[in-house]
Amino acid sequence: RNFVYPQYVLDSTAKNATSCKGADKELKLEGCYGGLPFPIPKTGNQVMWNHLLAYEQNAAAGVNETYIVPAAGKPVFVGKSASKQYRPFLDPEKAGPFPSELVFWKTYIEDLAPARAVGGKLVIIDSLDMLKTGRRAFSYIPGQRRVKLSPDLQYDTPHPYSGGAGTMDDAKIFLGALDRFDFKLIGKKEKYIYYNNFNLNDAKACSTETLLSTKGFPHPDCVRWELHRVWVVEATLKPGFRHIYKKRIFYWDEDSYAAGQAENYDAGGKLFRFVFGSFFPYFDGPGGNGDSTHYLDLQTGIYSVSGSGSCKACGWWSIKKEAIDPMLFSPEAMAGAGIR
């Protein structure tokens, strides 16, 4: 059990045990400090919030590549991007408790390859009130030279960085609002999950070519499984709502809620897709990295590796908040930085 939290997160988590509350059927949070919102979770929504607000690092930057491997087994390059993320909810300089309007996560993504996509940008902003405030997403499309509000970049919209093998809310195993599913806490069990996946971020230990050299699933020598105690949450689609998944089962590591996996079922109740979150802790400081995601589509035989750190120029690293210009996450900055 090698995941370590910084002291300020532990202190805030202790306060949340009596302070943090869910409102509007636990679709938003009130009175929460910058730690795990529910250290003693009692409902499925509370466990899901623990994942959404999981501590990895306060601010981070990285370079990602995405590949898909069709059933025939020949890898296809989807794209390469540079990203910056900032988590205001976990900023050690912010005191809390935080209002529901607080943005808990911001990400900026710029396309670096292929040539036709270079210069494309995407900004996603999520708040503690995912019901009324919801998600704000903006995209800059090269050639049009303008920024567009993109409200459809959520729920079951195909994820542009998964090669079509995952949805927007499959990112990070799950990311987005909780309003379309009923989340039931099943309990805790032992399960093998991706963990301590250092090889995936070491081009010498596992090259991209090796990782993608097998059919149906990433090369077993490149991924590491460990038996962990996990929280089990079953999500069932609510009546009157639409989603390509009718049921989902999530498994979240009890130490770091950033680690885990999901089983997604189609409208007929058949197992449709797996989503695995590659995770490893930092040894030079607290926190960890869970930004590499693997999508496995059982119906087509396709799998996708998004955020692969195996390429020599890829990987994620913690940075200081000051290294991220707050204006970076604005439509005006996206338009001003447009190159074509």
# chains A, B, ... in the order shown; residues from 1 in each chain; ligands from 1
call {"tool": "closest_atom_pairs", "arguments": {"of": "range 48-96 of chain A", "to": "range 110-125 of chain A", "cutoff": "12 Å", "atoms": "only C-alpha atoms", "output": "Markdown table"}}
result
| residue | atom | partner | partner_atom | distance |
| --- | --- | --- | --- | --- |
| A:Ala61 | CA | A:Glu110 | CA | 11.6 |
| A:Gly62 | CA | A:Glu110 | CA | 10.8 |
| A:Val63 | CA | A:Leu112 | CA | 9.2 |
| A:Asn64 | CA | A:Leu112 | CA | 9.5 |
| A:Glu65 | CA | A:Ala113 | CA | 8.9 |
| A:Thr66 | CA | A:Ala113 | CA | 10.2 |
| A:Tyr67 | CA | A:Pro114 | CA | 11.9 |
| A:Val76 | CA | A:Pro114 | CA | 11.7 |
| A:Phe77 | CA | A:Pro114 | CA | 8.5 |
| A:Val78 | CA | A:Pro114 | CA | 7.6 |
| A:Gly79 | CA | A:Ala113 | CA | 5.2 |
| A:Lys80 | CA | A:Ala113 | CA | 4.9 |
| A:Ser81 | CA | A:Asp111 | CA | 4.3 |
| A:Ala82 | CA | A:Glu110 | CA | 5.3 |
| A:Ser83 | CA | A:Glu110 | CA | 6.4 |
| A:Lys84 | CA | A:Glu110 | CA | 9.1 |
| A:Gln85 | CA | A:Ile124 | CA | 9.7 |
| A:Tyr86 | CA | A:Ile125 | CA | 9.8 |
| A:Arg87 | CA | A:Ile125 | CA | 10.0 |
| A:Pro88 | CA | A:Ile125 | CA | 10.8 |
call {"tool": "write_last_selection", "arguments": {"atoms": "N, CA and C atoms", "output": "mmCIF file, in the first residue's frame"}}
result
data_model
loop_
_atom_site.group_PDB
_atom_site.id
_atom_site.type_symbol
_atom_site.label_atom_id
_atom_site.label_comp_id
_atom_site.auth_asym_id
_atom_site.auth_seq_id
_atom_site.Cartn_x
_atom_site.Cartn_y
_atom_site.Cartn_z
ATOM 1 N N ALA A 61 1.071 18.455 -16.060
ATOM 2 C CA ALA A 61 1.164 18.629 -17.505
ATOM 3 C C ALA A 61 1.673 17.324 -18.098
ATOM 4 N N GLY A 62 1.380 17.104 -19.368
ATOM 5 C CA GLY A 62 1.829 15.865 -19.981
ATOM 6 C C GLY A 62 1.599 15.834 -21.472
ATOM 7 N N VAL A 63 2.179 14.835 -22.095
ATOM 8 C CA VAL A 63 2.013 14.574 -23.522
ATOM 9 C C VAL A 63 1.464 13.166 -23.682
ATOM 10 N N ASN A 64 0.392 13.043 -24.442
ATOM 11 C CA ASN A 64 -0.295 11.762 -24.614
ATOM 12 C C ASN A 64 -0.314 11.334 -26.069
ATOM 13 N N GLU A 65 -0.344 10.041 -26.283
ATOM 14 C CA GLU A 65 -0.613 9.469 -27.593
ATOM 15 C C GLU A 65 -1.783 8.505 -27.481
ATOM 16 N N THR A 66 -2.544 8.387 -28.547
ATOM 17 C CA THR A 66 -3.672 7.457 -28.579
ATOM 18 C C THR A 66 -3.545 6.543 -29.788
ATOM 19 N N TYR A 67 -3.760 5.249 -29.530
ATOM 20 C CA TYR A 67 -3.758 4.247 -30.591
ATOM 21 C C TYR A 67 -4.988 3.367 -30.440
ATOM 22 N N VAL A 76 -3.252 1.375 -35.095
ATOM 23 C CA VAL A 76 -3.534 2.577 -35.868
ATOM 24 C C VAL A 76 -3.318 3.788 -34.970
ATOM 25 N N PHE A 77 -2.483 4.709 -35.417
ATOM 26 C CA PHE A 77 -2.225 5.935 -34.654
ATOM 27 C C PHE A 77 -3.411 6.886 -34.783
ATOM 28 N N VAL A 78 -3.953 7.329 -33.650
ATOM 29 C CA VAL A 78 -5.097 8.237 -33.642
ATOM 30 C C VAL A 78 -4.648 9.680 -33.500
ATOM 31 N N GLY A 79 -3.763 9.951 -32.559
ATOM 32 C CA GLY A 79 -3.325 11.322 -32.381
ATOM 33 C C GLY A 79 -2.386 11.497 -31.206
ATOM 34 N N LYS A 80 -1.829 12.694 -31.115
ATOM 35 C CA LYS A 80 -0.922 13.061 -30.036
ATOM 36 C C LYS A 80 -1.331 14.437 -29.532
ATOM 37 N N SER A 81 -1.290 14.629 -28.231
ATOM 38 C CA SER A 81 -1.741 15.899 -27.664
ATOM 39 C C SER A 81 -0.924 16.263 -26.438
ATOM 40 N N ALA A 82 -0.898 17.556 -26.153
ATOM 41 C CA ALA A 82 -0.274 18.076 -24.936
ATOM 42 C C ALA A 82 -1.373 18.626 -24.035
ATOM 43 N N SER A 83 -1.277 18.349 -22.756
ATOM 44 C CA SER A 83 -2.345 18.725 -21.833
ATOM 45 C C SER A 83 -1.792 19.407 -20.593
ATOM 46 N N LYS A 84 -2.637 20.250 -19.999
ATOM 47 C CA LYS A 84 -2.377 20.807 -18.683
ATOM 48 C C LYS A 84 -3.655 20.692 -17.863
ATOM 49 N N GLN A 85 -3.498 20.311 -16.592
ATOM 50 C CA GLN A 85 -4.642 20.162 -15.705
ATOM 51 C C GLN A 85 -4.401 20.926 -14.414
ATOM 52 N N TYR A 86 -5.478 21.476 -13.880
ATOM 53 C CA TYR A 86 -5.410 22.171 -12.602
ATOM 54 C C TYR A 86 -6.653 21.805 -11.798
ATOM 55 N N ARG A 87 -6.442 21.484 -10.512
ATOM 56 C CA ARG A 87 -7.531 21.092 -9.615
ATOM 57 C C ARG A 87 -7.675 22.120 -8.494
ATOM 58 N N PRO A 88 -8.520 23.151 -8.701
ATOM 59 C CA PRO A 88 -8.701 24.168 -7.656
ATOM 60 C C PRO A 88 -9.165 23.591 -6.328
#
call {"tool": "residues_around", "arguments": {"residues": "Phe104 in chain A", "least_positions_apart": "3", "cutoff": "10 Å", "atoms": "only C-alpha atoms", "output": "ChimeraX atom specification"}}
result
/A:34,52-53,86-91,98,100-101,125-129
call {"tool": "write_last_selection", "arguments": {"atoms": "all heavy atoms", "output": "short mmCIF file (atom, residue, chain, number, x, y, z; two decimals), in the first residue's frame"}}
result
data_model
loop_
_atom_site.label_atom_id
_atom_site.label_comp_id
_atom_site.auth_asym_id
_atom_site.auth_seq_id
_atom_site.Cartn_x
_atom_site.Cartn_y
_atom_site.Cartn_z
N GLY A 34 -10.71 20.51 0.78
CA GLY A 34 -9.93 19.91 -0.30
C GLY A 34 -9.28 18.60 0.04
O GLY A 34 -8.04 18.48 0.11
N LEU A 52 -14.22 11.25 -8.44
CA LEU A 52 -14.14 12.49 -9.22
C LEU A 52 -13.16 13.49 -8.58
O LEU A 52 -12.50 14.26 -9.29
CB LEU A 52 -15.53 13.13 -9.34
CG LEU A 52 -16.55 12.38 -10.21
CD1 LEU A 52 -17.92 13.03 -10.09
CD2 LEU A 52 -16.09 12.35 -11.67
N LEU A 53 -13.08 13.50 -7.26
CA LEU A 53 -12.22 14.44 -6.55
C LEU A 53 -10.95 13.77 -6.01
O LEU A 53 -10.29 14.29 -5.11
CB LEU A 53 -12.99 15.09 -5.41
CG LEU A 53 -14.26 15.85 -5.82
CD1 LEU A 53 -15.00 16.37 -4.60
CD2 LEU A 53 -13.92 17.00 -6.74
N TYR A 86 -5.48 21.48 -13.88
CA TYR A 86 -5.41 22.17 -12.60
C TYR A 86 -6.65 21.80 -11.80
O TYR A 86 -7.77 21.80 -12.32
CB TYR A 86 -5.32 23.68 -12.82
CG TYR A 86 -5.47 24.51 -11.56
CD1 TYR A 86 -4.75 24.20 -10.40
CD2 TYR A 86 -6.35 25.60 -11.51
CE1 TYR A 86 -4.90 24.94 -9.24
CE2 TYR A 86 -6.49 26.35 -10.36
CZ TYR A 86 -5.76 26.02 -9.23
OH TYR A 86 -5.92 26.75 -8.08
N ARG A 87 -6.44 21.48 -10.51
CA ARG A 87 -7.53 21.09 -9.62
C ARG A 87 -7.67 22.12 -8.49
O ARG A 87 -7.04 21.99 -7.44
CB ARG A 87 -7.26 19.70 -9.04
CG ARG A 87 -7.27 18.58 -10.07
CD ARG A 87 -6.89 17.25 -9.42
NE ARG A 87 -7.12 16.13 -10.30
CZ ARG A 87 -6.26 15.70 -11.22
NH1 ARG A 87 -5.10 16.32 -11.38
NH2 ARG A 87 -6.54 14.65 -11.97
N PRO A 88 -8.52 23.15 -8.70
CA PRO A 88 -8.70 24.17 -7.66
C PRO A 88 -9.16 23.59 -6.33
O PRO A 88 -8.81 24.11 -5.26
CB PRO A 88 -9.76 25.10 -8.26
CG PRO A 88 -9.62 24.93 -9.74
CD PRO A 88 -9.26 23.49 -9.93
N PHE A 89 -9.95 22.53 -6.37
CA PHE A 89 -10.47 21.92 -5.14
C PHE A 89 -9.34 21.40 -4.27
O PHE A 89 -9.46 21.34 -3.04
CB PHE A 89 -11.43 20.78 -5.50
CG PHE A 89 -12.05 20.10 -4.31
CD1 PHE A 89 -13.07 20.70 -3.60
CD2 PHE A 89 -11.62 18.84 -3.90
CE1 PHE A 89 -13.65 20.07 -2.49
CE2 PHE A 89 -12.18 18.20 -2.81
CZ PHE A 89 -13.19 18.82 -2.10
N LEU A 90 -8.24 21.00 -4.88
CA LEU A 90 -7.12 20.43 -4.14
C LEU A 90 -5.94 21.39 -4.01
O LEU A 90 -4.82 20.97 -3.72
CB LEU A 90 -6.66 19.13 -4.82
CG LEU A 90 -7.70 17.99 -4.77
CD1 LEU A 90 -7.34 16.89 -5.74
CD2 LEU A 90 -7.81 17.45 -3.35
N ASP A 91 -6.20 22.67 -4.22
CA ASP A 91 -5.16 23.68 -4.10
C ASP A 91 -4.85 23.89 -2.61
O ASP A 91 -5.73 24.27 -1.84
CB ASP A 91 -5.63 24.99 -4.73
CG ASP A 91 -4.52 26.01 -4.85
OD1 ASP A 91 -3.57 25.96 -4.04
OD2 ASP A 91 -4.58 26.87 -5.74
N PHE A 98 -15.73 24.83 0.49
CA PHE A 98 -15.96 25.41 -0.82
C PHE A 98 -17.44 25.44 -1.18
O PHE A 98 -18.21 24.54 -0.82
CB PHE A 98 -15.22 24.59 -1.88
CG PHE A 98 -13.72 24.59 -1.69
CD1 PHE A 98 -13.05 23.43 -1.35
CD2 PHE A 98 -12.99 25.75 -1.83
CE1 PHE A 98 -11.68 23.41 -1.18
CE2 PHE A 98 -11.61 25.76 -1.65
CZ PHE A 98 -10.95 24.58 -1.33
N SER A 100 -20.69 25.27 -3.83
CA SER A 100 -21.00 24.32 -4.91
C SER A 100 -20.57 24.83 -6.27
O SER A 100 -20.37 24.05 -7.20
CB SER A 100 -22.51 24.03 -4.93
OG SER A 100 -22.90 23.40 -3.73
N GLU A 101 -20.42 26.16 -6.40
CA GLU A 101 -20.06 26.73 -7.69
C GLU A 101 -18.57 26.54 -8.01
O GLU A 101 -18.13 26.82 -9.12
CB GLU A 101 -20.39 28.22 -7.73
CG GLU A 101 -21.88 28.55 -7.64
CD GLU A 101 -22.42 28.40 -6.23
OE1 GLU A 101 -21.62 28.44 -5.27
OE2 GLU A 101 -23.66 28.24 -6.09
N ILE A 125 -14.21 22.16 -18.20
CA ILE A 125 -14.27 22.70 -16.85
C ILE A 125 -15.45 22.06 -16.12
O ILE A 125 -16.59 22.15 -16.58
CB ILE A 125 -14.44 24.24 -16.87
CG1 ILE A 125 -13.28 24.89 -17.65
CG2 ILE A 125 -14.52 24.80 -15.46
CD1 ILE A 125 -13.48 26.36 -17.90
N ASP A 126 -15.18 21.41 -14.98
CA ASP A 126 -16.23 20.76 -14.18
C ASP A 126 -16.30 21.40 -12.80
O ASP A 126 -15.26 21.73 -12.21
CB ASP A 126 -15.95 19.26 -14.03
CG ASP A 126 -16.26 18.48 -15.30
OD1 ASP A 126 -16.95 19.02 -16.18
OD2 ASP A 126 -15.82 17.31 -15.41
N SER A 127 -17.52 21.52 -12.26
CA SER A 127 -17.71 22.15 -10.96
C SER A 127 -18.33 21.17 -9.97
O SER A 127 -18.79 20.08 -10.34
CB SER A 127 -18.61 23.39 -11.08
OG SER A 127 -19.95 23.01 -11.25
N LEU A 128 -18.36 21.58 -8.69
CA LEU A 128 -18.95 20.73 -7.65
C LEU A 128 -20.46 20.62 -7.80
O LEU A 128 -21.07 19.73 -7.19
CB LEU A 128 -18.61 21.30 -6.26
CG LEU A 128 -17.12 21.28 -5.86
CD1 LEU A 128 -16.94 21.90 -4.48
CD2 LEU A 128 -16.57 19.87 -5.89
N ASP A 129 -21.06 21.50 -8.56
CA ASP A 129 -22.49 21.41 -8.85
C ASP A 129 -22.63 20.95 -10.29
O ASP A 129 -22.68 21.76 -11.22
CB ASP A 129 -23.18 22.76 -8.65
CG ASP A 129 -24.70 22.68 -8.85
OD1 ASP A 129 -25.17 21.62 -9.31
OD2 ASP A 129 -25.38 23.67 -8.57
#
call {"tool": "atom_distance", "arguments": {"atom1": "CA of Ile68 in chain A", "atom2": "CA of Ile109 in chain A"}}
result
19.4 Å
call {"tool": "closest_atom_pairs", "arguments": {"of": "range 170-289 of chain A", "to": "range 71-75 of chain A", "cutoff": "8 Å", "atoms": "only C-alpha atoms", "output": "JSON lines"}}
result
{"residue": "A:Leu212", "atom": "CA", "partner": "A:Pro75", "partner_atom": "CA", "distance": 6.4}
{"residue": "A:Ser213", "atom": "CA", "partner": "A:Gly73", "partner_atom": "CA", "distance": 7.4}
{"residue": "A:Thr214", "atom": "CA", "partner": "A:Gly73", "partner_atom": "CA", "distance": 6.6}
{"residue": "A:Lys215", "atom": "CA", "partner": "A:Gly73", "partner_atom": "CA", "distance": 4.9}
{"residue": "A:Gly216", "atom": "CA", "partner": "A:Ala71", "partner_atom": "CA", "distance": 6.5}
call {"tool": "select_by_dssp", "arguments": {"residues": "range 40-241 of chain A", "states": "alpha helix (DSSP H)", "output": "PDB file with N, CA and C atoms, in the first residue's frame"}}
result
ATOM      1  N   GLY A  44     -23.595   5.039  -3.124  1.00  0.00           N
ATOM      2  CA  GLY A  44     -22.851   4.931  -4.366  1.00  0.00           C
ATOM      3  C   GLY A  44     -22.393   6.281  -4.876  1.00  0.00           C
ATOM      4  N   ASN A  45     -23.256   7.300  -4.766  1.00  0.00           N
ATOM      5  CA  ASN A  45     -22.868   8.645  -5.217  1.00  0.00           C
ATOM      6  C   ASN A  45     -21.663   9.171  -4.449  1.00  0.00           C
ATOM      7  N   GLN A  46     -21.601   8.881  -3.156  1.00  0.00           N
ATOM      8  CA  GLN A  46     -20.478   9.354  -2.354  1.00  0.00           C
ATOM      9  C   GLN A  46     -19.167   8.717  -2.810  1.00  0.00           C
ATOM     10  N   VAL A  47     -19.204   7.439  -3.142  1.00  0.00           N
ATOM     11  CA  VAL A  47     -18.002   6.784  -3.651  1.00  0.00           C
ATOM     12  C   VAL A  47     -17.604   7.376  -4.995  1.00  0.00           C
ATOM     13  N   MET A  48     -18.585   7.654  -5.854  1.00  0.00           N
ATOM     14  CA  MET A  48     -18.280   8.244  -7.154  1.00  0.00           C
ATOM     15  C   MET A  48     -17.685   9.643  -7.000  1.00  0.00           C
ATOM     16  N   TRP A  49     -18.158  10.426  -6.041  1.00  0.00           N
ATOM     17  CA  TRP A  49     -17.570  11.742  -5.784  1.00  0.00           C
ATOM     18  C   TRP A  49     -16.132  11.590  -5.292  1.00  0.00           C
ATOM     19  N   ASN A  50     -15.867  10.566  -4.481  1.00  0.00           N
ATOM     20  CA  ASN A  50     -14.495  10.317  -4.048  1.00  0.00           C
ATOM     21  C   ASN A  50     -13.579  10.081  -5.245  1.00  0.00           C
ATOM     22  N   HIS A  51     -14.109   9.418  -6.266  1.00  0.00           N
ATOM     23  CA  HIS A  51     -13.303   9.213  -7.470  1.00  0.00           C
ATOM     24  C   HIS A  51     -13.129  10.523  -8.240  1.00  0.00           C
ATOM     25  N   LEU A  52     -14.220  11.252  -8.441  1.00  0.00           N
ATOM     26  CA  LEU A  52     -14.141  12.495  -9.216  1.00  0.00           C
ATOM     27  C   LEU A  52     -13.162  13.491  -8.584  1.00  0.00           C
ATOM     28  N   THR A 208       6.047   1.401 -27.084  1.00  0.00           N
ATOM     29  CA  THR A 208       4.702   1.460 -27.651  1.00  0.00           C
ATOM     30  C   THR A 208       4.474   0.292 -28.595  1.00  0.00           C
ATOM     31  N   GLU A 209       5.490  -0.070 -29.357  1.00  0.00           N
ATOM     32  CA  GLU A 209       5.360  -1.187 -30.304  1.00  0.00           C
ATOM     33  C   GLU A 209       5.054  -2.493 -29.572  1.00  0.00           C
ATOM     34  N   THR A 210       5.720  -2.709 -28.425  1.00  0.00           N
ATOM     35  CA  THR A 210       5.458  -3.927 -27.644  1.00  0.00           C
ATOM     36  C   THR A 210       4.073  -3.894 -27.028  1.00  0.00           C
ATOM     37  N   LEU A 211       3.716  -2.757 -26.455  1.00  0.00           N
ATOM     38  CA  LEU A 211       2.411  -2.612 -25.807  1.00  0.00           C
ATOM     39  C   LEU A 211       1.269  -2.966 -26.746  1.00  0.00           C
TER      40      LEU A 211
END
call {"tool": "residues_around", "arguments": {"residues": "Phe3 in chain A", "least_positions_apart": "4", "cutoff": "10 Å", "atoms": "only C-alpha atoms", "output": "number ranges by chain"}}
result
A: 56, 196, 255-256, 280-283, 285-288
call {"tool": "closest_residue", "arguments": {"among": "A:Arg224, A:Lys246, A:Lys94, A:Lys28", "to": "Gly277 in chain A", "atoms": "only C-alpha atoms"}}
result
A:Arg224
